[in-house]
Every structure is written in structure tokens, then in C-alpha cells.
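Colleague: Handing over data09.cif, mmCIF, C-alpha atoms, pLDDT in the B column; chains and numbers go by the auth columns.
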data_input
#
loop_
_atom_site.group_PDB
_atom_site.id
_atom_site.type_symbol
_atom_site.label_atom_id
_atom_site.label_comp_id
_atom_site.label_asym_id
_atom_site.label_seq_id
_atom_site.Cartn_x
_atom_site.Cartn_y
_atom_site.Cartn_z
_atom_site.B_iso_or_equiv
_atom_site.auth_seq_id
_atom_site.auth_asym_id
ATOM 1 C CA MET A 1 5.652 167.159 117.022 58.00 1 E
ATOM 2 C CA THR A 2 8.161 166.521 114.300 68.00 2 E
ATOM 3 C CA ALA A 3 11.663 165.143 114.719 71.00 3 E
ATOM 4 C CA GLU A 4 13.018 168.460 113.479 74.00 4 E
ATOM 5 C CA GLN A 5 11.077 170.302 116.192 75.00 5 E
ATOM 6 C CA ALA A 6 12.569 167.947 118.805 74.00 6 E
ATOM 7 C CA ARG A 7 16.061 168.611 117.492 75.00 7 E
ATOM 8 C CA ARG A 8 15.572 172.377 117.667 81.00 8 E
ATOM 9 C CA GLU A 9 13.530 172.729 120.858 80.00 9 E
ATOM 10 C CA PHE A 10 15.322 170.171 123.035 78.00 10 E
ATOM 11 C CA ASP A 11 18.694 169.843 121.290 79.00 11 E
ATOM 12 C CA ALA A 12 17.699 166.195 120.860 77.00 12 E
ATOM 13 C CA ASP A 13 19.476 163.488 118.963 79.00 13 E
ATOM 14 C CA VAL A 14 16.889 161.712 116.841 78.00 14 E
ATOM 15 C CA VAL A 15 17.629 158.129 115.831 83.00 15 E
ATOM 16 C CA TRP A 16 15.069 156.275 113.754 84.00 16 E
ATOM 17 C CA LEU A 17 14.963 152.537 114.401 88.00 17 E
ATOM 18 C CA PRO A 18 13.022 149.919 112.455 91.00 18 E
ATOM 19 C CA PHE A 19 9.673 148.941 113.938 90.00 19 E
ATOM 20 C CA ASP A 20 6.938 146.950 112.237 91.00 20 E
ATOM 21 C CA LEU A 21 3.746 147.416 114.208 85.00 21 E
ATOM 22 C CA HIS A 22 1.758 145.081 111.950 87.00 22 E
ATOM 23 C CA PRO A 23 3.942 142.372 110.403 88.00 23 E
ATOM 24 C CA GLU A 24 0.760 140.374 109.767 90.00 24 E
ATOM 25 C CA TYR A 25 -0.332 142.719 106.981 92.00 25 E
ATOM 26 C CA PRO A 26 -0.336 140.896 103.656 94.00 26 E
ATOM 27 C CA PRO A 27 2.281 141.896 101.070 91.00 27 E
ATOM 28 C CA GLU A 28 -0.294 144.054 99.265 93.00 28 E
ATOM 29 C CA GLY A 29 -1.178 145.926 102.484 94.00 29 E
ATOM 30 C CA ILE A 30 -4.672 146.689 103.778 94.00 30 E
ATOM 31 C CA PRO A 31 -7.152 149.431 102.895 93.00 31 E
ATOM 32 C CA LEU A 32 -6.762 152.587 104.985 89.00 32 E
ATOM 33 C CA ALA A 33 -10.505 152.538 105.662 87.00 33 E
ATOM 34 C CA GLU A 34 -10.114 149.098 107.287 90.00 34 E
ATOM 35 C CA LEU A 35 -7.378 150.383 109.584 84.00 35 E
ATOM 36 C CA HIS A 36 -9.550 153.333 110.586 84.00 36 E
ATOM 37 C CA ARG A 37 -12.483 151.007 111.278 86.00 37 E
ATOM 38 C CA ARG A 38 -10.264 148.821 113.505 84.00 38 E
ATOM 39 C CA TYR A 39 -9.310 151.795 115.646 78.00 39 E
ATOM 40 C CA GLY A 40 -12.642 153.616 115.461 78.00 40 E
ATOM 41 C CA ILE A 41 -11.253 156.774 113.906 78.00 41 E
ATOM 42 C CA GLY A 42 -12.630 158.987 111.182 71.00 42 E
ATOM 43 C CA VAL A 43 -11.703 158.838 107.526 69.00 43 E
ATOM 44 C CA GLY A 44 -11.264 161.484 104.861 66.00 44 E
ATOM 45 C CA GLU A 45 -11.784 164.959 106.266 69.00 45 E
ATOM 46 C CA ARG A 46 -12.610 163.438 109.667 74.00 46 E
ATOM 47 C CA ASP A 47 -9.196 161.745 109.901 78.00 47 E
ATOM 48 C CA PRO A 48 -7.710 163.120 113.171 76.00 48 E
ATOM 49 C CA LEU A 49 -4.165 163.057 111.783 79.00 49 E
ATOM 50 C CA ARG A 50 -5.124 165.631 109.163 82.00 50 E
ATOM 51 C CA ASP A 51 -5.375 168.409 111.783 81.00 51 E
ATOM 52 C CA ARG A 52 -2.176 167.348 113.558 79.00 52 E
ATOM 53 C CA PHE A 53 -0.207 167.422 110.316 82.00 53 E
ATOM 54 C CA SER A 54 -1.690 170.785 109.420 84.00 54 E
ATOM 55 C CA ALA A 55 -0.810 172.222 112.854 80.00 55 E
ATOM 56 C CA ALA A 56 2.794 171.103 112.304 78.00 56 E
ATOM 57 C CA GLY A 57 2.854 172.713 108.848 83.00 57 E
ATOM 58 C CA LEU A 58 3.009 169.347 107.085 85.00 58 E
ATOM 59 C CA ASP A 59 1.115 168.027 104.083 89.00 59 E
ATOM 60 C CA TYR A 60 -1.172 165.078 104.770 88.00 60 E
ATOM 61 C CA ASN A 61 -1.981 162.980 101.747 91.00 61 E
ATOM 62 C CA ARG A 62 -1.504 159.326 102.562 90.00 62 E
ATOM 63 C CA PRO A 63 -2.393 156.483 100.203 93.00 63 E
ATOM 64 C CA GLU A 64 -5.593 154.481 100.447 91.00 64 E
ATOM 65 C CA ILE A 65 -3.472 151.407 101.191 93.00 65 E
ATOM 66 C CA VAL A 66 -1.567 150.895 104.438 93.00 66 E
ATOM 67 C CA PRO A 67 1.465 148.940 103.248 95.00 67 E
ATOM 68 C CA ASN A 68 3.331 146.013 104.685 95.00 68 E
ATOM 69 C CA THR A 69 6.554 147.909 105.463 95.00 69 E
ATOM 70 C CA ARG A 70 8.935 145.014 106.070 96.00 70 E
ATOM 71 C CA LEU A 71 10.825 145.534 102.796 97.00 71 E
ATOM 72 C CA ALA A 72 11.007 149.301 103.364 97.00 72 E
ATOM 73 C CA LEU A 73 12.449 148.673 106.828 97.00 73 E
ATOM 74 C CA ARG A 74 15.039 146.243 105.470 98.00 74 E
ATOM 75 C CA LEU A 75 16.030 148.725 102.748 98.00 75 E
ATOM 76 C CA SER A 76 16.284 151.441 105.397 98.00 76 E
ATOM 77 C CA GLU A 77 18.897 149.341 107.158 98.00 77 E
ATOM 78 C CA LEU A 78 20.811 148.980 103.889 98.00 78 E
ATOM 79 C CA ALA A 79 20.683 152.765 103.572 98.00 79 E
ATOM 80 C CA ARG A 80 21.884 153.138 107.181 97.00 80 E
ATOM 81 C CA GLU A 81 24.842 150.883 106.439 98.00 81 E
ATOM 82 C CA ARG A 82 25.690 153.042 103.416 98.00 82 E
ATOM 83 C CA GLY A 83 25.419 156.310 105.369 98.00 83 E
ATOM 84 C CA LEU A 84 22.151 157.257 103.647 98.00 84 E
ATOM 85 C CA HIS A 85 19.589 156.410 106.306 97.00 85 E
ATOM 86 C CA ALA A 86 18.447 159.975 107.019 94.00 86 E
ATOM 87 C CA PRO A 87 17.752 160.925 103.400 97.00 87 E
ATOM 88 C CA PHE A 88 16.142 157.558 102.633 98.00 88 E
ATOM 89 C CA HIS A 89 13.977 157.659 105.756 96.00 89 E
ATOM 90 C CA ASP A 90 12.914 161.236 105.017 94.00 90 E
ATOM 91 C CA ARG A 91 12.125 160.310 101.417 97.00 91 E
ATOM 92 C CA LEU A 92 10.017 157.333 102.539 97.00 92 E
ATOM 93 C CA MET A 93 8.071 159.507 104.977 94.00 93 E
ATOM 94 C CA ASP A 94 7.423 162.224 102.392 95.00 94 E
ATOM 95 C CA ALA A 95 6.377 159.663 99.796 97.00 95 E
ATOM 96 C CA TYR A 96 3.938 157.967 102.154 95.00 96 E
ATOM 97 C CA TRP A 97 2.480 160.844 104.184 93.00 97 E
ATOM 98 C CA SER A 98 2.540 163.651 101.603 94.00 98 E
ATOM 99 C CA GLU A 99 2.522 162.000 98.186 97.00 99 E
ATOM 100 C CA ALA A 100 0.084 159.105 98.785 95.00 100 E
ATOM 101 C CA THR A 101 2.714 156.578 97.679 97.00 101 E
ATOM 102 C CA ASN A 102 2.500 152.898 98.591 96.00 102 E
ATOM 103 C CA ILE A 103 5.938 152.295 100.101 97.00 103 E
ATOM 104 C CA GLY A 104 5.314 148.567 100.260 96.00 104 E
ATOM 105 C CA GLU A 105 5.819 148.153 96.508 97.00 105 E
ATOM 106 C CA PRO A 106 9.300 147.062 95.379 98.00 106 E
ATOM 107 C CA ASP A 107 9.266 149.295 92.270 98.00 107 E
ATOM 108 C CA VAL A 108 8.405 152.327 94.389 98.00 108 E
ATOM 109 C CA LEU A 109 11.184 151.458 96.833 98.00 109 E
ATOM 110 C CA ARG A 110 13.659 151.055 93.975 98.00 110 E
ATOM 111 C CA ARG A 111 12.785 154.541 92.748 98.00 111 E
ATOM 112 C CA LEU A 112 12.957 156.168 96.176 98.00 112 E
ATOM 113 C CA ALA A 113 16.292 154.507 96.991 98.00 113 E
ATOM 114 C CA ALA A 114 17.729 155.674 93.662 98.00 114 E
ATOM 115 C CA GLU A 115 16.560 159.235 94.357 98.00 115 E
ATOM 116 C CA VAL A 116 18.773 159.401 97.454 98.00 116 E
ATOM 117 C CA GLY A 117 21.729 157.523 95.996 98.00 117 E
ATOM 118 C CA VAL A 118 21.374 153.997 97.355 98.00 118 E
ATOM 119 C CA ASP A 119 23.155 151.666 94.937 98.00 119 E
ATOM 120 C CA ALA A 120 20.679 149.869 92.650 98.00 120 E
ATOM 121 C CA GLU A 121 22.577 146.573 92.795 98.00 121 E
ATOM 122 C CA ASP A 122 22.485 146.615 96.606 98.00 122 E
ATOM 123 C CA VAL A 123 18.761 147.395 96.524 98.00 123 E
ATOM 124 C CA GLU A 124 18.150 144.456 94.188 98.00 124 E
ATOM 125 C CA HIS A 125 20.068 142.154 96.515 98.00 125 E
ATOM 126 C CA VAL A 126 17.857 143.150 99.473 98.00 126 E
ATOM 127 C CA ILE A 127 14.678 142.783 97.420 98.00 127 E
ATOM 128 C CA ALA A 128 15.747 139.336 96.186 98.00 128 E
ATOM 129 C CA ASP A 129 16.897 138.070 99.597 98.00 129 E
ATOM 130 C CA PRO A 130 14.098 138.106 102.205 97.00 130 E
ATOM 131 C CA ALA A 131 16.685 137.465 104.937 98.00 131 E
ATOM 132 C CA ALA A 132 18.802 140.539 104.106 98.00 132 E
ATOM 133 C CA TYR A 133 18.762 142.857 107.153 98.00 133 E
ATOM 134 C CA LEU A 134 15.871 140.878 108.621 97.00 134 E
ATOM 135 C CA ASP A 135 17.852 140.101 111.780 97.00 135 E
ATOM 136 C CA VAL A 136 18.440 143.826 112.375 97.00 136 E
ATOM 137 C CA VAL A 137 14.774 144.695 111.812 96.00 137 E
ATOM 138 C CA GLU A 138 13.443 141.857 113.957 96.00 138 E
ATOM 139 C CA GLY A 139 15.961 142.566 116.727 96.00 139 E
ATOM 140 C CA SER A 140 14.886 146.188 116.857 94.00 140 E
ATOM 141 C CA ILE A 141 11.222 145.181 116.974 93.00 141 E
ATOM 142 C CA ARG A 142 11.845 142.743 119.848 93.00 142 E
ATOM 143 C CA GLU A 143 13.757 145.414 121.759 92.00 143 E
ATOM 144 C CA ALA A 144 10.943 147.925 121.246 91.00 144 E
ATOM 145 C CA PHE A 145 8.264 145.536 122.470 90.00 145 E
ATOM 146 C CA SER A 146 10.429 144.584 125.474 91.00 146 E
ATOM 147 C CA ILE A 147 10.462 148.194 126.712 88.00 147 E
ATOM 148 C CA GLY A 148 6.747 148.753 126.166 88.00 148 E
ATOM 149 C CA ILE A 149 6.558 150.224 122.696 89.00 149 E
ATOM 150 C CA ASN A 150 3.349 149.120 121.006 87.00 150 E
ATOM 151 C CA ALA A 151 2.414 152.100 118.841 84.00 151 E
ATOM 152 C CA VAL A 152 3.875 154.339 116.162 84.00 152 E
ATOM 153 C CA PRO A 153 5.354 156.763 116.339 83.00 153 E
ATOM 154 C CA ALA A 154 7.106 156.041 119.628 84.00 154 E
ATOM 155 C CA PHE A 155 9.711 158.223 121.263 82.00 155 E
ATOM 156 C CA VAL A 156 12.174 157.232 123.959 83.00 156 E
ATOM 157 C CA LEU A 157 13.236 160.399 125.748 80.00 157 E
ATOM 158 C CA ASP A 158 16.454 160.560 127.712 74.00 158 E
ATOM 159 C CA ARG A 159 16.515 156.727 127.773 75.00 159 E
ATOM 160 C CA ARG A 160 13.846 156.789 130.487 74.00 160 E
ATOM 161 C CA LEU A 161 10.493 158.013 129.170 79.00 161 E
ATOM 162 C CA ILE A 162 8.357 156.649 126.368 84.00 162 E
ATOM 163 C CA VAL A 163 5.856 158.804 124.518 84.00 163 E
ATOM 164 C CA LEU A 164 3.553 156.756 122.306 84.00 164 E
ATOM 165 C CA GLY A 165 1.611 157.996 119.319 79.00 165 E
ATOM 166 C CA ALA A 166 1.418 161.306 117.493 74.00 166 E
ATOM 167 C CA GLN A 167 1.280 163.682 120.441 78.00 167 E
ATOM 168 C CA PRO A 168 0.973 167.464 120.650 78.00 168 E
ATOM 169 C CA PHE A 169 4.164 169.428 121.242 78.00 169 E
ATOM 170 C CA GLU A 170 3.131 170.252 124.816 84.00 170 E
ATOM 171 C CA VAL A 171 3.284 166.549 125.769 85.00 171 E
ATOM 172 C CA PHE A 172 6.970 166.540 124.845 80.00 172 E
ATOM 173 C CA ARG A 173 7.639 169.755 126.743 84.00 173 E
ATOM 174 C CA ARG A 174 6.144 168.223 129.894 86.00 174 E
ATOM 175 C CA ALA A 175 8.048 164.962 129.379 82.00 175 E
ATOM 176 C CA PHE A 176 11.402 166.689 128.929 79.00 176 E
ATOM 177 C CA ALA A 177 10.712 168.866 131.970 81.00 177 E
ATOM 178 C CA GLN A 178 10.453 165.813 134.253 78.00 178 E
ATOM 179 C CA PRO A 179 13.501 165.372 136.461 66.00 179 E
ATOM 180 C CA ALA A 180 15.755 162.402 135.750 64.00 180 E
ATOM 181 C CA ALA A 181 15.050 159.447 137.987 56.00 181 E
#
Here is a file; write its structure as C-alpha cells.
Modeller:
Amino acid sequence: MTAEQARREFDADVVWLPFDLHPEYPPEGIPLAELHRRYGIGVGERDPLRDRFSAAGLDYNRPEIVPNTRLALRLSELARERGLHAPFHDRLMDAYWSEATNIGEPDVLRRLAAEVGVDAEDVEHVIADPAAYLDVVEGSIREAFSIGINAVPAFVLDRRLIVLGAQPFEVFRRAFAQPAA
């Protein structure tokens, strides 16, 4: 299910919050094949996400490196502050999932931020200052873990239900159909 499908089908408000599932990844990221080995899932044509993306009408062409996303998350918060979070977030997702772009690289992030109008000087400040927006990112991560989020994507529905992982559309239909507690 895509966020756009949720908006249309359930008249949902979709708010993306920063979450770093693997802050231990080194700055250069890890090979995608290593991640797949860790979780026992197929690679290449046997990658289970390939079919889910295709079913949703989305391109699936992710890079061979799974990046450390801490800088991307911090820059996303800069973009949020400047009223550009949605276009920056969407650009990051397209770059990573459809264009096989390593969104952990500062030069890539500079380019993507510029494409959506985030001020270059502000971007440089965040890149140069490892503490910039770190409190926002870390606070969001702590909050997520405290309510049981331990996977990506994660969806909190109606402030009462959590759906973890890339789930089929029917899972969301059943979740939204549950009566409020």
C-alpha cells in the first residue's frame, strides 16, 4: 500500500516522521546482499519487494548499498521546517527505490535538496553540523520504539493500531475496519 492509496481510500492524513531502524550502519552503508542474508530473503529477481512494488504500480530499482540514513533524516527535518518536507521526502524515496541512488551520500543529498528548493546554505549547515536536527530525529526514534515500532515502514492508524512492514492493501482495509477501542 502506498501513502497515496491510504489518502484516497481512507481519507487519511499521512505524516512521515524520522525513523532510523539501523543507526549502527557505517557511514558508507552496507551491501544490500548482506541485509537480505540477515533477514533470509531473496535477492535480485527473488527479492519479495519487487512483486509488491509492481503490484502497486511502482518501479523497484534500489541501489546495491543500503545507506546510513541519519543525514537524510536530518535534512528531511530541515526541509520540514522550510515547508518542503513532502517534496523532499518524495524525492528521496524515488531516488532510493526507483533510481538506485545511495541517499546516504552528502553530494547526492545536496543535489536532491536543490531539486526541490531547499536552500543550499542551509543544507551545508546541516551537513557540517552533526548535531543539527539530531534531537528531533532521535526524539522521533525513541517515541517510535516506545510504542512498539521496530520495522519500516510502520503505520500508526487512528492513533491506536500499528501496522508494521510493507503490507498488502487488504491488511489496511481490515485494520481500518476495526472499531475504535
Colleague: For the file shown, report as a ChimeraX atom specification the outcome of the PyMOL selection byres ((chain E and resi 21) around 10) at residue level.
Modeller: /E:18-20,22-25,68-70,141,145,149-153
Colleague: With a distance cut-off of 9 Å and all atoms listed in the file, select the neighbouring residues of Pro87 of chain E, excluding the residue or stretch itself and same-chain residues fewer than 5 positions from it, and output the selection as a CSV table (one decimal) with C-alpha atoms, in the coordinates of the input.
Modeller:
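This went into result-v5.csv:
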chain,number,residue,atom,x,y,z
E,79,ALA,CA,20.7,152.8,103.6
E,92,LEU,CA,10.0,157.3,102.5
E,116,VAL,CA,18.8,159.4,97.5
Colleague: If we count all atoms listed in the file, what is near segment 37-54 of chain E at a cut-off of 12 Å, once residues fewer than 5 positions away on the same chain are taken out, given as a list in words?
Modeller: Met1, Thr2, Ile30, Pro31, Leu32, Asp59, Tyr60, Asn61, Arg62, Pro63, Glu64, Trp97, Ser98, Gly165, Ala166, Gln167, Pro168 and Phe169 of chain E
Colleague: What is the atom CA of Ala100 of chain E-atom CA of Glu138 of chain E distance in Å, reported with one decimal?
Modeller: 26.6 Å
Colleague: How far is it from atom CA of Ala114 of chain E to atom CA of Pro130 of chain E, in Å with one decimal?
Modeller: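 Interatomic distance, atom CA of Ala114 of chain E to atom CA of Pro130 of chain E: 19.9 Å.
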Colleague: Can you tell me which residues surround Glu77 of chain E at a distance of at most 12 Å, considering only C-alpha atoms, apart from same-chain residues fewer than 4 positions away, and format the answer as a PDB file with C-alpha atoms, in the coordinates of the input?
Modeller:
ATOM      1  CA  TRP E  16      15.069 156.275 113.754  1.00 84.00           C
ATOM      2  CA  LEU E  17      14.963 152.537 114.401  1.00 88.00           C
ATOM      3  CA  PRO E  18      13.022 149.919 112.455  1.00 91.00           C
ATOM      4  CA  PHE E  19       9.673 148.941 113.938  1.00 90.00           C
ATOM      5  CA  ARG E  70       8.935 145.014 106.070  1.00 96.00           C
ATOM      6  CA  LEU E  71      10.825 145.534 102.796  1.00 97.00           C
ATOM      7  CA  ALA E  72      11.007 149.301 103.364  1.00 97.00           C
ATOM      8  CA  LEU E  73      12.449 148.673 106.828  1.00 97.00           C
ATOM      9  CA  GLU E  81      24.842 150.883 106.439  1.00 98.00           C
ATOM     10  CA  ARG E  82      25.690 153.042 103.416  1.00 98.00           C
ATOM     11  CA  GLY E  83      25.419 156.310 105.369  1.00 98.00           C
ATOM     12  CA  LEU E  84      22.151 157.257 103.647  1.00 98.00           C
ATOM     13  CA  HIS E  85      19.589 156.410 106.306  1.00 97.00           C
ATOM     14  CA  ALA E  86      18.447 159.975 107.019  1.00 94.00           C
ATOM     15  CA  PHE E  88      16.142 157.558 102.633  1.00 98.00           C
ATOM     16  CA  HIS E  89      13.977 157.659 105.756  1.00 96.00           C
ATOM     17  CA  ALA E 113      16.292 154.507  96.991  1.00 98.00           C
ATOM     18  CA  VAL E 118      21.374 153.997  97.355  1.00 98.00           C
ATOM     19  CA  ASP E 122      22.485 146.615  96.606  1.00 98.00           C
ATOM     20  CA  VAL E 123      18.761 147.395  96.524  1.00 98.00           C
ATOM     21  CA  VAL E 126      17.857 143.150  99.473  1.00 98.00           C
ATOM     22  CA  ALA E 132      18.802 140.539 104.106  1.00 98.00           C
ATOM     23  CA  TYR E 133      18.762 142.857 107.153  1.00 98.00           C
ATOM     24  CA  LEU E 134      15.871 140.878 108.621  1.00 97.00           C
ATOM     25  CA  ASP E 135      17.852 140.101 111.780  1.00 97.00           C
ATOM     26  CA  VAL E 136      18.440 143.826 112.375  1.00 97.00           C
ATOM     27  CA  VAL E 137      14.774 144.695 111.812  1.00 96.00           C
ATOM     28  CA  GLU E 138      13.443 141.857 113.957  1.00 96.00           C
ATOM     29  CA  SER E 140      14.886 146.188 116.857  1.00 94.00           C
TER      30      SER E 140
END
Colleague: Quick one: distance from atom CA of Arg142 of chain E to atom CA of Leu35 of chain E in Å, one decimal?
Modeller: 23.1 Å
Colleague: Please evaluate the PyMOL selection byres ((chain E and resi 102) around 7) against the displayed coordinates and give the resulting residues as a PyMOL selection string.
Modeller: chain E and resi 63+65+67+96+100-101+103-105
Colleague: I'd like the neighbourhood of Phe176 of chain E as JSON, numbers by chain, where a residue qualifies if any of its atoms comes within 9 Å (using all atoms listed in the file), though same-chain residues fewer than 4 positions away should be ignored.
Modeller: {"E": [10, 157, 158, 161, 171, 172]}
Colleague: Point out the residue among E:Glu4, E:Asp129, E:Gly57, E:Leu75 with the least atom-to-atom distance to Val108 of chain E, counting all atoms listed in the file.
Modeller: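 Nearest to Val108 of chain E: E:Leu75.
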Colleague: Out of E:His36, E:Ala175, E:Leu78, E:Asp94, which residue has the shortest atom-to-atom distance to Val66 of chain E when counting all atoms listed in the file?
Modeller: E:His36
